[in-house]
Amino acid sequence: MDNNEYRLPGGSAEALLAADAAEILQCPAGTAFHQLREWHAACPGWLFGHLGYDLKNETEKLASSHVDGIGFPDLFFFRPRYLLRLREAEAPPVTVSGTPPENVSASAADALQDKTGVAGNCNGPSHTGQLTIQADHLTASEAQQIFNACLREQPGGGRVALANAGPLQARMDRAYYLNAVNALKEHIRKGDCYEVNFCREQFLEADVNAPQHLFHRLNQLSPAPFAAYYKVHHRYLVCSSPERFLQKKGSRIISQPIKGTAKRAADPAQDAALQQALRSSAKEQAENVMIVDLVRNDLSRTAVQGSVRVEELFGIYTFPQVHHMISTVSATLDDRFHFTDAIRHAFPMGSMTGAPKVRVMELIEQYEKTRRGLFSGAVGYITPEGDFDFNVVIRSILYNAEQKYISFQTGSAITFYSDAEKEFEECGLKAKALLAALGL
């Protein structure tokens, strides 16, 4: 996980790497959040993993029946043997849990082994003790060697190559997409809902020679504050997400929904004009405030009464491909609730559903053609203290190495004032960097 030196509110670690699962928790929707709570309580420690969109079937009485070419579990977390945290202007700058992986130089290994202790006494048959090494004098070069070794990457990087590639396809063509958007606008006109996040999948069959190189390629093309490279067995996520789903530090919780997008321009004056147009757009502000209200409601379910507040409304942030409108909502978690309650009541994130949440998730199932799976879910970590930080899985390429299946989805918020053609164009804009990373 890499924040690419973005300085969004709530930012902390510059980069995190967790590798080699000592233990895993994998479960389908049903009792997943309860199992996560019990697993963390049994041995508090660092956990990394994901929440799939279809956990909605646990939080609400819903179902998912569409095709899923990737197949990530609904919920998956692991306790890493190796945990590397890179932080700027903090001491120590690097913390490593576990023992050095193979292919690390002698100097880096010596630095890692300099200070060794034991943290967390989970010595039962189902738990693994965790070695913690504080490396005050580990250089950036030595830290990079550890990243490379864990990613099995050779110095100098590598080229992304697709072998035996078939044609790029879509579950819904342009005509279906336009008709579906207009049908959703009719639902809005009738009062069924007032905003729907509608997505379409594009996919192809191919072998990817080195998914980690695909991540580096995408991260170069479109660096983002919640970028992630994630591997679970033969399934991969290459993510350039600009959006935070939910973060907890102590009792403070924040969510930073994105709603509102404008393209970039090479000419600085034109780019500034596009940014200003986004800032003042009544349509984009309306989309954003609808989701802000939804997030406020979600957080209020586990918050201290009166603690929910909007810290920033309609903030404009610039990324390599687009400008985005981002708002920040905060709350204080009521001590009557567990940290998993805060996640469960806010999931799935409103920016990827719309409102009212349950009705639009029914419409999403009705009109979309692909099971979302990990897409529009969340990837992140949980600390031993029960703090956490999760992104929103968007702007991402997913790959199933067994099935030789590559997939990415893009979407936009449909409101009464949406133009179906422009929404289709927005999906194309969001796919631009993904296609470039794949060489398509």
# chains A, B, ... in the order shown; residues from 1 in each chain; ligands from 1
call {"tool": "residues_around", "arguments": {"residues": "A:Val392", "least_positions_apart": "6", "cutoff": "7 Å", "atoms": "only C-alpha atoms", "output": "PyMOL selection string"}}
result
chain A and resi 241+243-245+376-378
call {"tool": "closest_residue", "arguments": {"among": "A:Ala431, A:Trp46, A:Leu278, A:Met349", "to": "A:Tyr317", "atoms": "only C-alpha atoms"}}
result
A:Leu278
call {"tool": "residues_around", "arguments": {"residues": "A:Ser300", "least_positions_apart": "4", "cutoff": "12 Å", "atoms": "only C-alpha atoms", "output": "list in words"}}
result
Ile253, Ile254, Asp293, Leu294, Val295, Arg296, Val304, Gln305, Gly306, Ser307, Val308, Arg309, Val329, Ser330, Ala331, Thr332, Leu333, Asp334, Phe337, Asp341, Ala342, His345 and Ala346 of chain A
call {"tool": "residues_around", "arguments": {"residues": "A:Ala21", "least_positions_apart": "6", "cutoff": "6 Å", "atoms": "only C-alpha atoms", "output": "list in words"}}
result
Phe78, Arg79 and Pro80 of chain A
call {"tool": "closest_residue", "arguments": {"among": "A:Gln169, A:Asn197, A:Ser412, A:Thr302", "to": "A:Val360", "atoms": "only C-alpha atoms"}}
result
A:Asn197
call {"tool": "closest_residue", "arguments": {"among": "A:Val196, A:Asp68, A:Val232, A:Asn297", "to": "A:Leu25", "atoms": "only C-alpha atoms"}}
result
A:Val232
call {"tool": "select_by_dssp", "arguments": {"residues": "stretch 247-402 of chain A", "states": "helix (DSSP H, G or I)", "output": "number ranges by chain"}}
result
A: 268-280, 282-300, 339-346, 350-352, 357-367
call {"tool": "closest_residue", "arguments": {"among": "A:Leu47, A:Leu75, A:Cys193, A:Val358", "to": "A:His34", "atoms": "only C-alpha atoms"}}
result
A:Leu75
call {"tool": "atom_distance", "arguments": {"atom1": "atom CA of A:Gly45", "atom2": "atom CA of A:Gln212"}}
result
26.4 Å
